[in-house]
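K.L.:
Before we start, here is the structure in question, set down as structure tokens.
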Amino acid sequence: MPIAENISLQALHTFGCNEKAQYFNTIQSIEDIATHIQWAKEKKLPYLILGAGSNLLFTKTFEGLVLKMEIMGIKKVQETASEVFLSVGAGENWHHFVSYCVHKGWGGVENLSLIPGTVGAAPIQNIGAYGVEAKDCIESVTAYDTTMSSFVTLTNSHCLFGYRSSLFKHEKNRYIITSVQFILQKQPIFRTEYGAIKEVLHQKNNKQPSVEAISNAVIQIRTEKLPDPKKIGNAGSFFKNPTISKSEFENLIALFPKIIAFPISDELYKIAAGWLIETCGWKGLQKGNVGCYEKQSLVIVNYNHATGKEIYDFSEEIIQSVQSKFNILLEREVVVY
Ligand SMILES: Cc1cc2nc3c(=O)[nH]c(=O)nc-3n(C[C@H](O)[C@H](O)[C@H](O)COP(=O)(O)OP(=O)(O)OC[C@H]3O[C@@H](n4cnc5c(N)ncnc54)[C@H](O)[C@@H]3O)c2cc1C
């Protein structure tokens, strides 16, 4: 396909801001990649791989080449008595892949139901929800290494997965993920300890959870709590939950006894960013076209044709107010361009 010029990105990312790409093309097969990257390198232009645009904020025209990942396919690679190994194209819709597994009764990704985006983006920030992260069922990731100009398959441990992070975040734009290999369980161990899941299963009198029951519970919780990007522009949680030291936590809890936090090691605590933002008075607050979602303060919403810059400035105000009240610097989860 020829490279298109001056393309609107409005319908290609979930914030729906009317920003543009100087150049645009799609990647439909692994053969497309090297040619496109070579083209951008020769022109000394930056490039950006776009999935479903559900974790991105464009604040201006992207002066370079945007490549939308469209490599498709779900293939069974191997099956044993207890496990199924799948190789999934990076352009597949994440929830479609989850539904495929749920329908087969294979466990592992059901807690990650209804997360927007593509399969190829899931390893980038190691998507997570309701006690499960993508890394828990990723066996390996296949990618085009733009530094070495060759394809590589990185095992789970090579991907350096952490909380909303991975090798692909540390080495931004080096790897173009083309497929992800997953291990699914035929006799899954269900992760139902998360309060809201327990509650929904209890309401439905579901004493023997199944992959399908958990997926349905997660879909119900998410639909009630999160804004639908098709109706209100957003990119899910805008900020990460910050990590602080035990001594900082002890100082904070003395001042704010209601703070929501949990230990992640002997020395470190993770703080609920949503609680910090809500305590600063942002929940439900709207300024111009931008707001902090009334049901979940981690989510910034585009109420009405906001520009990317307006959304960015709003997020900056939140960061500053949290810093001045708690002396904690919030980090954006959303990738800003
Ligand atoms: C309503 C809503 C709820 C959400 N809930 C959650 C949640 O519960 N948990 C969670 O973790 N996230 C959540 N998210 C964030 C988002 O869905 C995930 O981060 C998702 O994985 C992004 O996928 P994407 O295809 O849209 O990536 P994009 O937004 O298109 O891209 C994100 C980043 O990954 C890079 N990238 C994308 N594809 C590739 C590829 N194939 N190779 C190399 N780089 C690539 C991009 O360049 C960019 O830097 C939510 C978002 C929304 C809108």
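How things are named: the first chain in the structure tokens is A, the next is B, and so on; residues count from 1 in each chain; ligands count from 1 in the order shown.
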All residues within 7 Å of ligand 1 are required, counting only C-alpha atoms and all ligand atoms; please report them as a JSON list (two decimals) with N, CA, C and O atoms, in the first residue's frame.

P.N.:
```json
[["chain", "number", "residue", "atom", "x", "y", "z"],
["A", 13, "HIS", "N", -7.51, 6.78, 17.67],
["A", 13, "HIS", "CA", -7.13, 6.66, 19.08],
["A", 13, "HIS", "C", -8.33, 7.05, 19.94],
["A", 13, "HIS", "O", -9.19, 7.83, 19.53],
["A", 14, "THR", "N", -8.37, 6.46, 21.15],
["A", 14, "THR", "CA", -9.62, 6.51, 21.93],
["A", 14, "THR", "C", -9.87, 7.86, 22.61],
["A", 14, "THR", "O", -10.97, 8.11, 23.08],
["A", 48, "LEU", "N", 6.11, 5.57, 14.54],
["A", 48, "LEU", "CA", 5.31, 5.19, 15.72],
["A", 48, "LEU", "C", 4.42, 4.03, 15.32],
["A", 48, "LEU", "O", 3.74, 4.09, 14.29],
["A", 49, "ILE", "N", 4.44, 2.96, 16.12],
["A", 49, "ILE", "CA", 3.55, 1.83, 15.86],
["A", 49, "ILE", "C", 2.25, 2.10, 16.61],
["A", 49, "ILE", "O", 2.25, 2.37, 17.81],
["A", 50, "LEU", "N", 1.16, 2.04, 15.87],
["A", 50, "LEU", "CA", -0.16, 2.31, 16.46],
["A", 50, "LEU", "C", -0.94, 1.01, 16.52],
["A", 50, "LEU", "O", -1.01, 0.27, 15.53],
["A", 51, "GLY", "N", -1.48, 0.71, 17.72],
["A", 51, "GLY", "CA", -2.39, -0.43, 17.84],
["A", 51, "GLY", "C", -3.80, 0.12, 17.67],
["A", 51, "GLY", "O", -4.15, 0.67, 16.62],
["A", 52, "ALA", "N", -4.60, 0.04, 18.77],
["A", 52, "ALA", "CA", -5.94, 0.62, 18.73],
["A", 52, "ALA", "C", -5.95, 2.03, 19.30],
["A", 52, "ALA", "O", -7.02, 2.63, 19.47],
["A", 53, "GLY", "N", -4.79, 2.55, 19.67],
["A", 53, "GLY", "CA", -4.70, 3.92, 20.18],
["A", 53, "GLY", "C", -5.40, 4.11, 21.52],
["A", 53, "GLY", "O", -5.86, 5.21, 21.81],
["A", 54, "SER", "N", -5.47, 3.06, 22.35],
["A", 54, "SER", "CA", -6.21, 3.20, 23.62],
["A", 54, "SER", "C", -5.30, 3.53, 24.79],
["A", 54, "SER", "O", -5.75, 3.56, 25.93],
["A", 55, "ASN", "N", -4.02, 3.77, 24.51],
["A", 55, "ASN", "CA", -3.12, 4.17, 25.59],
["A", 55, "ASN", "C", -2.22, 5.31, 25.12],
["A", 55, "ASN", "O", -1.09, 5.44, 25.55],
["A", 56, "LEU", "N", -2.75, 6.13, 24.23],
["A", 56, "LEU", "CA", -1.98, 7.19, 23.59],
["A", 56, "LEU", "C", -2.69, 8.53, 23.68],
["A", 56, "LEU", "O", -3.92, 8.58, 23.62],
["A", 69, "MET", "N", -0.68, -1.32, 13.23],
["A", 69, "MET", "CA", -0.44, -2.77, 13.22],
["A", 69, "MET", "C", -1.72, -3.53, 12.88],
["A", 69, "MET", "O", -2.73, -3.40, 13.57],
["A", 90, "ALA", "N", -0.18, -9.60, 16.24],
["A", 90, "ALA", "CA", -0.17, -8.37, 17.05],
["A", 90, "ALA", "C", -1.37, -7.46, 16.78],
["A", 90, "ALA", "O", -1.75, -6.67, 17.64],
["A", 91, "GLY", "N", -1.99, -7.58, 15.61],
["A", 91, "GLY", "CA", -3.10, -6.68, 15.29],
["A", 91, "GLY", "C", -4.45, -7.19, 15.77],
["A", 91, "GLY", "O", -5.47, -6.49, 15.65],
["A", 115, "ILE", "N", -10.44, -5.27, 28.17],
["A", 115, "ILE", "CA", -9.41, -4.21, 28.08],
["A", 115, "ILE", "C", -9.29, -3.85, 26.60],
["A", 115, "ILE", "O", -9.10, -4.73, 25.75],
["A", 116, "PRO", "N", -9.43, -2.56, 26.26],
["A", 116, "PRO", "CA", -9.33, -2.19, 24.84],
["A", 116, "PRO", "C", -7.90, -2.42, 24.33],
["A", 116, "PRO", "O", -6.98, -2.56, 25.12],
["A", 117, "GLY", "N", -7.75, -2.42, 23.01],
["A", 117, "GLY", "CA", -6.41, -2.47, 22.45],
["A", 117, "GLY", "C", -6.13, -3.74, 21.68],
["A", 117, "GLY", "O", -7.01, -4.59, 21.50],
["A", 118, "THR", "N", -4.89, -3.82, 21.21],
["A", 118, "THR", "CA", -4.47, -4.95, 20.39],
["A", 118, "THR", "C", -3.62, -5.91, 21.22],
["A", 118, "THR", "O", -3.06, -5.53, 22.26],
["A", 119, "VAL", "N", -3.48, -7.13, 20.72],
["A", 119, "VAL", "CA", -2.65, -8.14, 21.38],
["A", 119, "VAL", "C", -1.18, -7.69, 21.39],
["A", 119, "VAL", "O", -0.47, -7.86, 22.38],
["A", 120, "GLY", "N", -0.73, -7.05, 20.32],
["A", 120, "GLY", "CA", 0.68, -6.63, 20.24],
["A", 120, "GLY", "C", 1.06, -5.57, 21.25],
["A", 120, "GLY", "O", 2.23, -5.45, 21.62],
["A", 121, "ALA", "N", 0.08, -4.80, 21.70],
["A", 121, "ALA", "CA", 0.39, -3.76, 22.69],
["A", 121, "ALA", "C", 0.35, -4.31, 24.12],
["A", 121, "ALA", "O", 0.88, -3.68, 25.03],
["A", 122, "ALA", "N", -0.26, -5.47, 24.31],
["A", 122, "ALA", "CA", -0.43, -6.00, 25.68],
["A", 122, "ALA", "C", 0.91, -6.17, 26.42],
["A", 122, "ALA", "O", 1.01, -5.82, 27.60],
["A", 124, "ILE", "N", 3.60, -4.44, 25.95],
["A", 124, "ILE", "CA", 4.33, -3.17, 26.07],
["A", 124, "ILE", "C", 4.25, -2.65, 27.50],
["A", 124, "ILE", "O", 5.26, -2.42, 28.14],
["A", 125, "GLN", "N", 3.03, -2.49, 28.01],
["A", 125, "GLN", "CA", 2.95, -2.02, 29.40],
["A", 125, "GLN", "C", 2.48, -3.16, 30.32],
["A", 125, "GLN", "O", 2.04, -2.92, 31.43],
["A", 126, "ASN", "N", 2.58, -4.41, 29.83],
["A", 126, "ASN", "CA", 2.18, -5.57, 30.64],
["A", 126, "ASN", "C", 0.81, -5.30, 31.26],
["A", 126, "ASN", "O", 0.68, -5.13, 32.47],
["A", 127, "ILE", "N", -0.20, -5.25, 30.40],
["A", 127, "ILE", "CA", -1.55, -4.85, 30.86],
["A", 127, "ILE", "C", -1.99, -5.72, 32.04],
["A", 127, "ILE", "O", -1.64, -6.90, 32.12],
["A", 128, "GLY", "N", -2.76, -5.11, 32.90],
["A", 128, "GLY", "CA", -3.18, -5.83, 34.09],
["A", 128, "GLY", "C", -4.52, -5.34, 34.59],
["A", 128, "GLY", "O", -4.91, -4.19, 34.35],
["A", 129, "ALA", "N", -5.22, -6.24, 35.26],
["A", 129, "ALA", "CA", -6.49, -5.88, 35.90],
["A", 129, "ALA", "C", -6.92, -7.03, 36.81],
["A", 129, "ALA", "O", -6.65, -8.20, 36.49],
["A", 164, "ARG", "N", 3.12, -2.36, 34.86],
["A", 164, "ARG", "CA", 2.90, -1.49, 33.69],
["A", 164, "ARG", "C", 4.22, -1.14, 32.99],
["A", 164, "ARG", "O", 4.39, -0.02, 32.50],
["A", 173, "ASN", "N", 10.34, 2.05, 21.11],
["A", 173, "ASN", "CA", 10.36, 2.05, 19.64],
["A", 173, "ASN", "C", 11.41, 1.15, 19.00],
["A", 173, "ASN", "O", 11.54, 1.14, 17.78],
["A", 175, "TYR", "N", 11.55, -2.24, 19.31],
["A", 175, "TYR", "CA", 10.94, -3.50, 18.87],
["A", 175, "TYR", "C", 9.54, -3.27, 18.31],
["A", 175, "TYR", "O", 8.73, -2.58, 18.93],
["A", 176, "ILE", "N", 9.26, -3.87, 17.18],
["A", 176, "ILE", "CA", 7.90, -3.85, 16.62],
["A", 176, "ILE", "C", 7.33, -5.25, 16.83],
["A", 176, "ILE", "O", 7.79, -6.22, 16.20],
["A", 177, "ILE", "N", 6.40, -5.36, 17.75],
["A", 177, "ILE", "CA", 5.87, -6.68, 18.10],
["A", 177, "ILE", "C", 4.95, -7.17, 16.99],
["A", 177, "ILE", "O", 4.04, -6.45, 16.56],
["A", 178, "THR", "N", 5.23, -8.40, 16.51],
["A", 178, "THR", "CA", 4.44, -8.95, 15.41],
["A", 178, "THR", "C", 3.50, -10.06, 15.88],
["A", 178, "THR", "O", 2.44, -10.26, 15.29],
["A", 226, "LEU", "N", -16.22, 2.04, 34.14],
["A", 226, "LEU", "CA", -15.34, 2.78, 33.22],
["A", 226, "LEU", "C", -16.10, 3.39, 32.06],
["A", 226, "LEU", "O", -17.06, 2.79, 31.57],
["A", 227, "PRO", "N", -15.68, 4.56, 31.60],
["A", 227, "PRO", "CA", -16.37, 5.17, 30.46],
["A", 227, "PRO", "C", -16.07, 4.42, 29.16],
["A", 227, "PRO", "O", -14.94, 3.97, 28.95],
["A", 228, "ASP", "N", -17.07, 4.29, 28.32],
["A", 228, "ASP", "CA", -16.90, 3.61, 27.03],
["A", 228, "ASP", "C", -16.26, 4.61, 26.05],
["A", 228, "ASP", "O", -16.87, 5.63, 25.74],
["A", 229, "PRO", "N", -15.04, 4.31, 25.57],
["A", 229, "PRO", "CA", -14.37, 5.28, 24.68],
["A", 229, "PRO", "C", -15.18, 5.61, 23.43],
["A", 229, "PRO", "O", -14.94, 6.66, 22.81],
["A", 234, "ASN", "N", -11.36, 8.66, 26.14],
["A", 234, "ASN", "CA", -10.50, 8.44, 27.31],
["A", 234, "ASN", "C", -9.47, 7.36, 26.95],
["A", 234, "ASN", "O", -9.58, 6.71, 25.92],
["A", 235, "ALA", "N", -8.49, 7.17, 27.82],
["A", 235, "ALA", "CA", -7.49, 6.11, 27.58],
["A", 235, "ALA", "C", -7.33, 5.26, 28.84],
["A", 235, "ALA", "O", -6.24, 4.82, 29.19],
["A", 236, "GLY", "N", -8.43, 5.05, 29.56],
["A", 236, "GLY", "CA", -8.37, 4.27, 30.81],
["A", 236, "GLY", "C", -7.58, 5.05, 31.85],
["A", 236, "GLY", "O", -7.57, 6.29, 31.84],
["A", 237, "SER", "N", -6.89, 4.33, 32.73],
["A", 237, "SER", "CA", -6.12, 5.00, 33.80],
["A", 237, "SER", "C", -5.06, 5.89, 33.17],
["A", 237, "SER", "O", -4.25, 5.41, 32.37],
["A", 335, "VAL", "N", 0.88, 7.04, 26.96],
["A", 335, "VAL", "CA", 2.05, 7.48, 26.19],
["A", 335, "VAL", "C", 1.68, 8.78, 25.48],
["A", 335, "VAL", "O", 0.70, 8.83, 24.75]]
```

K.L.:
What is the distance, in Å and to one decimal place, between atom CA of Leu276 of chain A and atom CA of Leu160 of chain A?

P.N.:
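Atom CA of Leu276 of chain A sits 28.3 Å away from atom CA of Leu160 of chain A.
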
K.L.:
Could you check which of A:Ile71, A:Ile271, A:Val152, A:Leu86 is closest to Leu329 of chain A, using only C-alpha atoms?

P.N.:
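The shortest atom-to-atom distance to Leu329 of chain A comes from A:Ile271.
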
K.L.:
Skipping near chain neighbours, those fewer than 4 positions away, what residues fall within 8 Å of segment 293-296 of chain A using only C-alpha atoms, listed as an MDAnalysis selection string?

P.N.:
chainID A and resid 225:227 274 283:285 300:301

K.L.:
Would you save the residues of that selection, restricted to all heavy atoms, as a PDB file, in the first residue's frame?

P.N.:
```pdb
ATOM      1  N   LYS A 225     -18.144   0.705  35.701  1.00  0.00           N
ATOM      2  CA  LYS A 225     -17.187   1.624  36.328  1.00  0.00           C
ATOM      3  C   LYS A 225     -16.430   2.525  35.357  1.00  0.00           C
ATOM      4  O   LYS A 225     -16.027   3.632  35.707  1.00  0.00           O
ATOM      5  CB  LYS A 225     -16.183   0.756  37.097  1.00  0.00           C
ATOM      6  CG  LYS A 225     -15.408   1.476  38.156  1.00  0.00           C
ATOM      7  CD  LYS A 225     -14.658   0.489  39.017  1.00  0.00           C
ATOM      8  CE  LYS A 225     -13.172   0.653  38.791  1.00  0.00           C
ATOM      9  NZ  LYS A 225     -12.329  -0.295  39.427  1.00  0.00           N
ATOM     10  N   LEU A 226     -16.219   2.035  34.140  1.00  0.00           N
ATOM     11  CA  LEU A 226     -15.338   2.777  33.222  1.00  0.00           C
ATOM     12  C   LEU A 226     -16.102   3.387  32.059  1.00  0.00           C
ATOM     13  O   LEU A 226     -17.058   2.788  31.565  1.00  0.00           O
ATOM     14  CB  LEU A 226     -14.251   1.832  32.680  1.00  0.00           C
ATOM     15  CG  LEU A 226     -13.237   1.347  33.702  1.00  0.00           C
ATOM     16  CD1 LEU A 226     -12.390   0.211  33.144  1.00  0.00           C
ATOM     17  CD2 LEU A 226     -12.339   2.490  34.151  1.00  0.00           C
ATOM     18  N   PRO A 227     -15.679   4.557  31.599  1.00  0.00           N
ATOM     19  CA  PRO A 227     -16.368   5.171  30.455  1.00  0.00           C
ATOM     20  C   PRO A 227     -16.068   4.416  29.160  1.00  0.00           C
ATOM     21  O   PRO A 227     -14.936   3.975  28.949  1.00  0.00           O
ATOM     22  CB  PRO A 227     -15.770   6.583  30.407  1.00  0.00           C
ATOM     23  CG  PRO A 227     -14.444   6.477  31.080  1.00  0.00           C
ATOM     24  CD  PRO A 227     -14.534   5.370  32.075  1.00  0.00           C
ATOM     25  N   GLY A 274      -5.605   6.814  42.415  1.00  0.00           N
ATOM     26  CA  GLY A 274      -6.997   7.289  42.393  1.00  0.00           C
ATOM     27  C   GLY A 274      -7.369   7.970  43.706  1.00  0.00           C
ATOM     28  O   GLY A 274      -8.043   9.002  43.720  1.00  0.00           O
ATOM     29  N   LYS A 283     -12.065  14.355  41.522  1.00  0.00           N
ATOM     30  CA  LYS A 283     -13.053  13.389  41.011  1.00  0.00           C
ATOM     31  C   LYS A 283     -14.319  14.107  40.527  1.00  0.00           C
ATOM     32  O   LYS A 283     -14.916  14.885  41.277  1.00  0.00           O
ATOM     33  CB  LYS A 283     -13.406  12.375  42.099  1.00  0.00           C
ATOM     34  CG  LYS A 283     -14.094  11.142  41.566  1.00  0.00           C
ATOM     35  CD  LYS A 283     -14.303  10.126  42.681  1.00  0.00           C
ATOM     36  CE  LYS A 283     -14.789   8.814  42.122  1.00  0.00           C
ATOM     37  NZ  LYS A 283     -15.028   7.833  43.165  1.00  0.00           N
ATOM     38  N   GLY A 284     -14.702  13.875  39.289  1.00  0.00           N
ATOM     39  CA  GLY A 284     -15.921  14.473  38.736  1.00  0.00           C
ATOM     40  C   GLY A 284     -15.751  15.921  38.297  1.00  0.00           C
ATOM     41  O   GLY A 284     -16.687  16.528  37.778  1.00  0.00           O
ATOM     42  N   LEU A 285     -14.552  16.484  38.494  1.00  0.00           N
ATOM     43  CA  LEU A 285     -14.338  17.903  38.155  1.00  0.00           C
ATOM     44  C   LEU A 285     -14.122  18.075  36.648  1.00  0.00           C
ATOM     45  O   LEU A 285     -13.378  17.307  36.043  1.00  0.00           O
ATOM     46  CB  LEU A 285     -13.108  18.403  38.901  1.00  0.00           C
ATOM     47  CG  LEU A 285     -13.031  19.904  39.069  1.00  0.00           C
ATOM     48  CD1 LEU A 285     -13.585  20.291  40.431  1.00  0.00           C
ATOM     49  CD2 LEU A 285     -11.577  20.372  38.987  1.00  0.00           C
ATOM     50  N   ILE A 300      -9.009  10.310  32.868  1.00  0.00           N
ATOM     51  CA  ILE A 300      -9.268  11.662  32.348  1.00  0.00           C
ATOM     52  C   ILE A 300     -10.122  11.505  31.099  1.00  0.00           C
ATOM     53  O   ILE A 300      -9.860  10.618  30.267  1.00  0.00           O
ATOM     54  CB  ILE A 300      -7.948  12.394  32.027  1.00  0.00           C
ATOM     55  CG1 ILE A 300      -7.171  12.644  33.333  1.00  0.00           C
ATOM     56  CG2 ILE A 300      -8.205  13.719  31.303  1.00  0.00           C
ATOM     57  CD1 ILE A 300      -5.867  13.410  33.153  1.00  0.00           C
ATOM     58  N   VAL A 301     -11.152  12.344  30.981  1.00  0.00           N
ATOM     59  CA  VAL A 301     -12.073  12.181  29.849  1.00  0.00           C
ATOM     60  C   VAL A 301     -12.133  13.434  28.978  1.00  0.00           C
ATOM     61  O   VAL A 301     -11.997  14.560  29.452  1.00  0.00           O
ATOM     62  CB  VAL A 301     -13.512  11.802  30.317  1.00  0.00           C
ATOM     63  CG1 VAL A 301     -13.560  10.354  30.763  1.00  0.00           C
ATOM     64  CG2 VAL A 301     -14.018  12.710  31.410  1.00  0.00           C
TER      65      VAL A 301
END
```

K.L.:
Ranking A:Glu31, A:Glu79, A:Glu92, A:Glu331 by minimum distance to Ser179 of chain A and counting only C-alpha atoms, which one comes first?

P.N.:
A:Glu92

K.L.:
For the structure I just gave you, how does DSSP split segment 10-175 of chain A - specifically, which residues are alpha helix (DSSP H)? Reply as a list in words.

P.N.:
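The residues of segment 10-175 of chain A classed as alpha helix (DSSP H) are Ile30, Glu31, Asp32, Ile33, Ala34, Thr35, His36, Ile37, Gln38, Trp39, Ala40, Lys41, Glu42, Trp94, His95, His96, Phe97, Val98, Ser99, Tyr100, Cys101, Val102, His103, Lys104, Leu167, Phe168, Lys169 and His170 of chain A.
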
K.L.:
Restricted to N, CA and C atoms, what would the selected residues look like written as a PDB file, in the first residue's frame?

P.N.:
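Okay, part-v1.pdb is ready:
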```
ATOM      1  N   ILE A  30       4.436  -9.496   8.076  1.00  0.00           N
ATOM      2  CA  ILE A  30       5.792  -9.214   8.567  1.00  0.00           C
ATOM      3  C   ILE A  30       6.695  -8.698   7.444  1.00  0.00           C
ATOM      4  N   GLU A  31       6.346  -9.039   6.208  1.00  0.00           N
ATOM      5  CA  GLU A  31       7.163  -8.594   5.070  1.00  0.00           C
ATOM      6  C   GLU A  31       7.105  -7.064   4.910  1.00  0.00           C
ATOM      7  N   ASP A  32       6.007  -6.433   5.361  1.00  0.00           N
ATOM      8  CA  ASP A  32       5.850  -4.972   5.197  1.00  0.00           C
ATOM      9  C   ASP A  32       6.847  -4.169   6.051  1.00  0.00           C
ATOM     10  N   ILE A  33       7.277  -4.777   7.173  1.00  0.00           N
ATOM     11  CA  ILE A  33       7.912  -3.964   8.214  1.00  0.00           C
ATOM     12  C   ILE A  33       9.246  -3.356   7.784  1.00  0.00           C
ATOM     13  N   ALA A  34      10.165  -4.217   7.317  1.00  0.00           N
ATOM     14  CA  ALA A  34      11.522  -3.730   7.015  1.00  0.00           C
ATOM     15  C   ALA A  34      11.476  -2.577   5.999  1.00  0.00           C
ATOM     16  N   THR A  35      10.622  -2.705   4.974  1.00  0.00           N
ATOM     17  CA  THR A  35      10.539  -1.667   3.935  1.00  0.00           C
ATOM     18  C   THR A  35      10.091  -0.332   4.548  1.00  0.00           C
ATOM     19  N   HIS A  36       9.042  -0.393   5.393  1.00  0.00           N
ATOM     20  CA  HIS A  36       8.532   0.852   5.998  1.00  0.00           C
ATOM     21  C   HIS A  36       9.586   1.515   6.895  1.00  0.00           C
ATOM     22  N   ILE A  37      10.251   0.706   7.711  1.00  0.00           N
ATOM     23  CA  ILE A  37      11.231   1.263   8.650  1.00  0.00           C
ATOM     24  C   ILE A  37      12.416   1.844   7.869  1.00  0.00           C
ATOM     25  N   GLN A  38      12.821   1.137   6.825  1.00  0.00           N
ATOM     26  CA  GLN A  38      13.921   1.630   5.978  1.00  0.00           C
ATOM     27  C   GLN A  38      13.544   2.989   5.379  1.00  0.00           C
ATOM     28  N   TRP A  39      12.297   3.090   4.910  1.00  0.00           N
ATOM     29  CA  TRP A  39      11.787   4.337   4.301  1.00  0.00           C
ATOM     30  C   TRP A  39      11.913   5.484   5.308  1.00  0.00           C
ATOM     31  N   ALA A  40      11.451   5.235   6.560  1.00  0.00           N
ATOM     32  CA  ALA A  40      11.498   6.290   7.586  1.00  0.00           C
ATOM     33  C   ALA A  40      12.944   6.637   7.940  1.00  0.00           C
ATOM     34  N   LYS A  41      13.796   5.596   8.042  1.00  0.00           N
ATOM     35  CA  LYS A  41      15.204   5.846   8.403  1.00  0.00           C
ATOM     36  C   LYS A  41      15.887   6.684   7.327  1.00  0.00           C
ATOM     37  N   GLU A  42      15.625   6.356   6.054  1.00  0.00           N
ATOM     38  CA  GLU A  42      16.248   7.119   4.953  1.00  0.00           C
ATOM     39  C   GLU A  42      15.824   8.579   4.988  1.00  0.00           C
ATOM     40  N   TRP A  94      -7.591  -7.366  21.502  1.00  0.00           N
ATOM     41  CA  TRP A  94      -7.315  -8.087  22.742  1.00  0.00           C
ATOM     42  C   TRP A  94      -8.569  -8.804  23.264  1.00  0.00           C
ATOM     43  N   HIS A  95      -9.679  -8.095  23.315  1.00  0.00           N
ATOM     44  CA  HIS A  95     -10.875  -8.724  23.899  1.00  0.00           C
ATOM     45  C   HIS A  95     -11.381  -9.869  23.011  1.00  0.00           C
ATOM     46  N   HIS A  96     -11.179  -9.750  21.692  1.00  0.00           N
ATOM     47  CA  HIS A  96     -11.571 -10.843  20.804  1.00  0.00           C
ATOM     48  C   HIS A  96     -10.760 -12.093  21.158  1.00  0.00           C
ATOM     49  N   PHE A  97      -9.466 -11.896  21.398  1.00  0.00           N
ATOM     50  CA  PHE A  97      -8.595 -13.020  21.789  1.00  0.00           C
ATOM     51  C   PHE A  97      -9.053 -13.614  23.132  1.00  0.00           C
ATOM     52  N   VAL A  98      -9.358 -12.736  24.107  1.00  0.00           N
ATOM     53  CA  VAL A  98      -9.829 -13.222  25.415  1.00  0.00           C
ATOM     54  C   VAL A  98     -11.117 -14.033  25.225  1.00  0.00           C
ATOM     55  N   SER A  99     -12.056 -13.504  24.439  1.00  0.00           N
ATOM     56  CA  SER A  99     -13.341 -14.189  24.226  1.00  0.00           C
ATOM     57  C   SER A  99     -13.117 -15.558  23.574  1.00  0.00           C
ATOM     58  N   TYR A 100     -12.152 -15.620  22.653  1.00  0.00           N
ATOM     59  CA  TYR A 100     -11.818 -16.885  21.980  1.00  0.00           C
ATOM     60  C   TYR A 100     -11.398 -17.926  23.042  1.00  0.00           C
ATOM     61  N   CYS A 101     -10.511 -17.510  23.961  1.00  0.00           N
ATOM     62  CA  CYS A 101     -10.027 -18.427  25.014  1.00  0.00           C
ATOM     63  C   CYS A 101     -11.174 -18.810  25.955  1.00  0.00           C
ATOM     64  N   VAL A 102     -11.982 -17.815  26.328  1.00  0.00           N
ATOM     65  CA  VAL A 102     -13.091 -18.059  27.263  1.00  0.00           C
ATOM     66  C   VAL A 102     -14.061 -19.071  26.641  1.00  0.00           C
ATOM     67  N   HIS A 103     -14.359 -18.871  25.364  1.00  0.00           N
ATOM     68  CA  HIS A 103     -15.277 -19.752  24.649  1.00  0.00           C
ATOM     69  C   HIS A 103     -14.763 -21.203  24.648  1.00  0.00           C
ATOM     70  N   LYS A 104     -13.436 -21.354  24.558  1.00  0.00           N
ATOM     71  CA  LYS A 104     -12.841 -22.701  24.554  1.00  0.00           C
ATOM     72  C   LYS A 104     -12.721 -23.267  25.974  1.00  0.00           C
ATOM     73  N   LEU A 167      10.594  -4.488  28.879  1.00  0.00           N
ATOM     74  CA  LEU A 167      11.735  -4.129  28.026  1.00  0.00           C
ATOM     75  C   LEU A 167      11.300  -3.159  26.921  1.00  0.00           C
ATOM     76  N   PHE A 168      10.070  -3.363  26.405  1.00  0.00           N
ATOM     77  CA  PHE A 168       9.595  -2.566  25.256  1.00  0.00           C
ATOM     78  C   PHE A 168       9.334  -1.111  25.658  1.00  0.00           C
ATOM     79  N   LYS A 169       9.143  -0.866  26.945  1.00  0.00           N
ATOM     80  CA  LYS A 169       9.006   0.523  27.428  1.00  0.00           C
ATOM     81  C   LYS A 169      10.393   1.117  27.657  1.00  0.00           C
ATOM     82  N   HIS A 170      11.308   0.275  28.196  1.00  0.00           N
ATOM     83  CA  HIS A 170      12.670   0.793  28.456  1.00  0.00           C
ATOM     84  C   HIS A 170      13.354   1.150  27.130  1.00  0.00           C
TER      85      HIS A 170
END
```

K.L.:
Quick one: of A:Gln323, A:Asn302, A:Thr307, A:Ser215, who's nearest to Lys20 of chain A, counting only C-alpha atoms?

P.N.:
A:Thr307

K.L.:
So, counting only C-alpha atoms, which residue among A:Cys159, A:Asp313, A:Thr26, A:Val334 is closest to Glu70 of chain A?

P.N.:
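Answer, going by the shortest atom-to-atom distance: A:Thr26.
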
K.L.:
Given only C-alpha atoms as the basis, pick out the residue of A:Leu184, A:Ala143, A:Val109, A:Ile264 nearest to Ile214 of chain A.

P.N.:
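Looking only at the distances to Ile214 of chain A, the closest residue turns out to be A:Val109.
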
K.L.:
Segment 23-109 of chain A: which residues are strand (DSSP E) by DSSP, as a PyMOL selection string?

P.N.:
chain A and resi 23-27+47-50+56-57+62-69+74-79+83-89

K.L.:
Please provide as a PyMOL selection string all residues within 8 Å of segment 245-260 of chain A, with the sequence filter that same-chain residues fewer than 3 positions apart are discarded (counting only C-alpha atoms).

P.N.:
chain A and resi 266-269+271-272+275-276+326

K.L.:
Can you tell me, as an NGL selection string, what residues are no more than 10 Å from Asn156 of chain A when counting only C-alpha atoms, ignoring any on the same chain fewer than 2 positions away?

P.N.:
:A and (123 or 135-141 or 153-154 or 158-161 or 181-182)
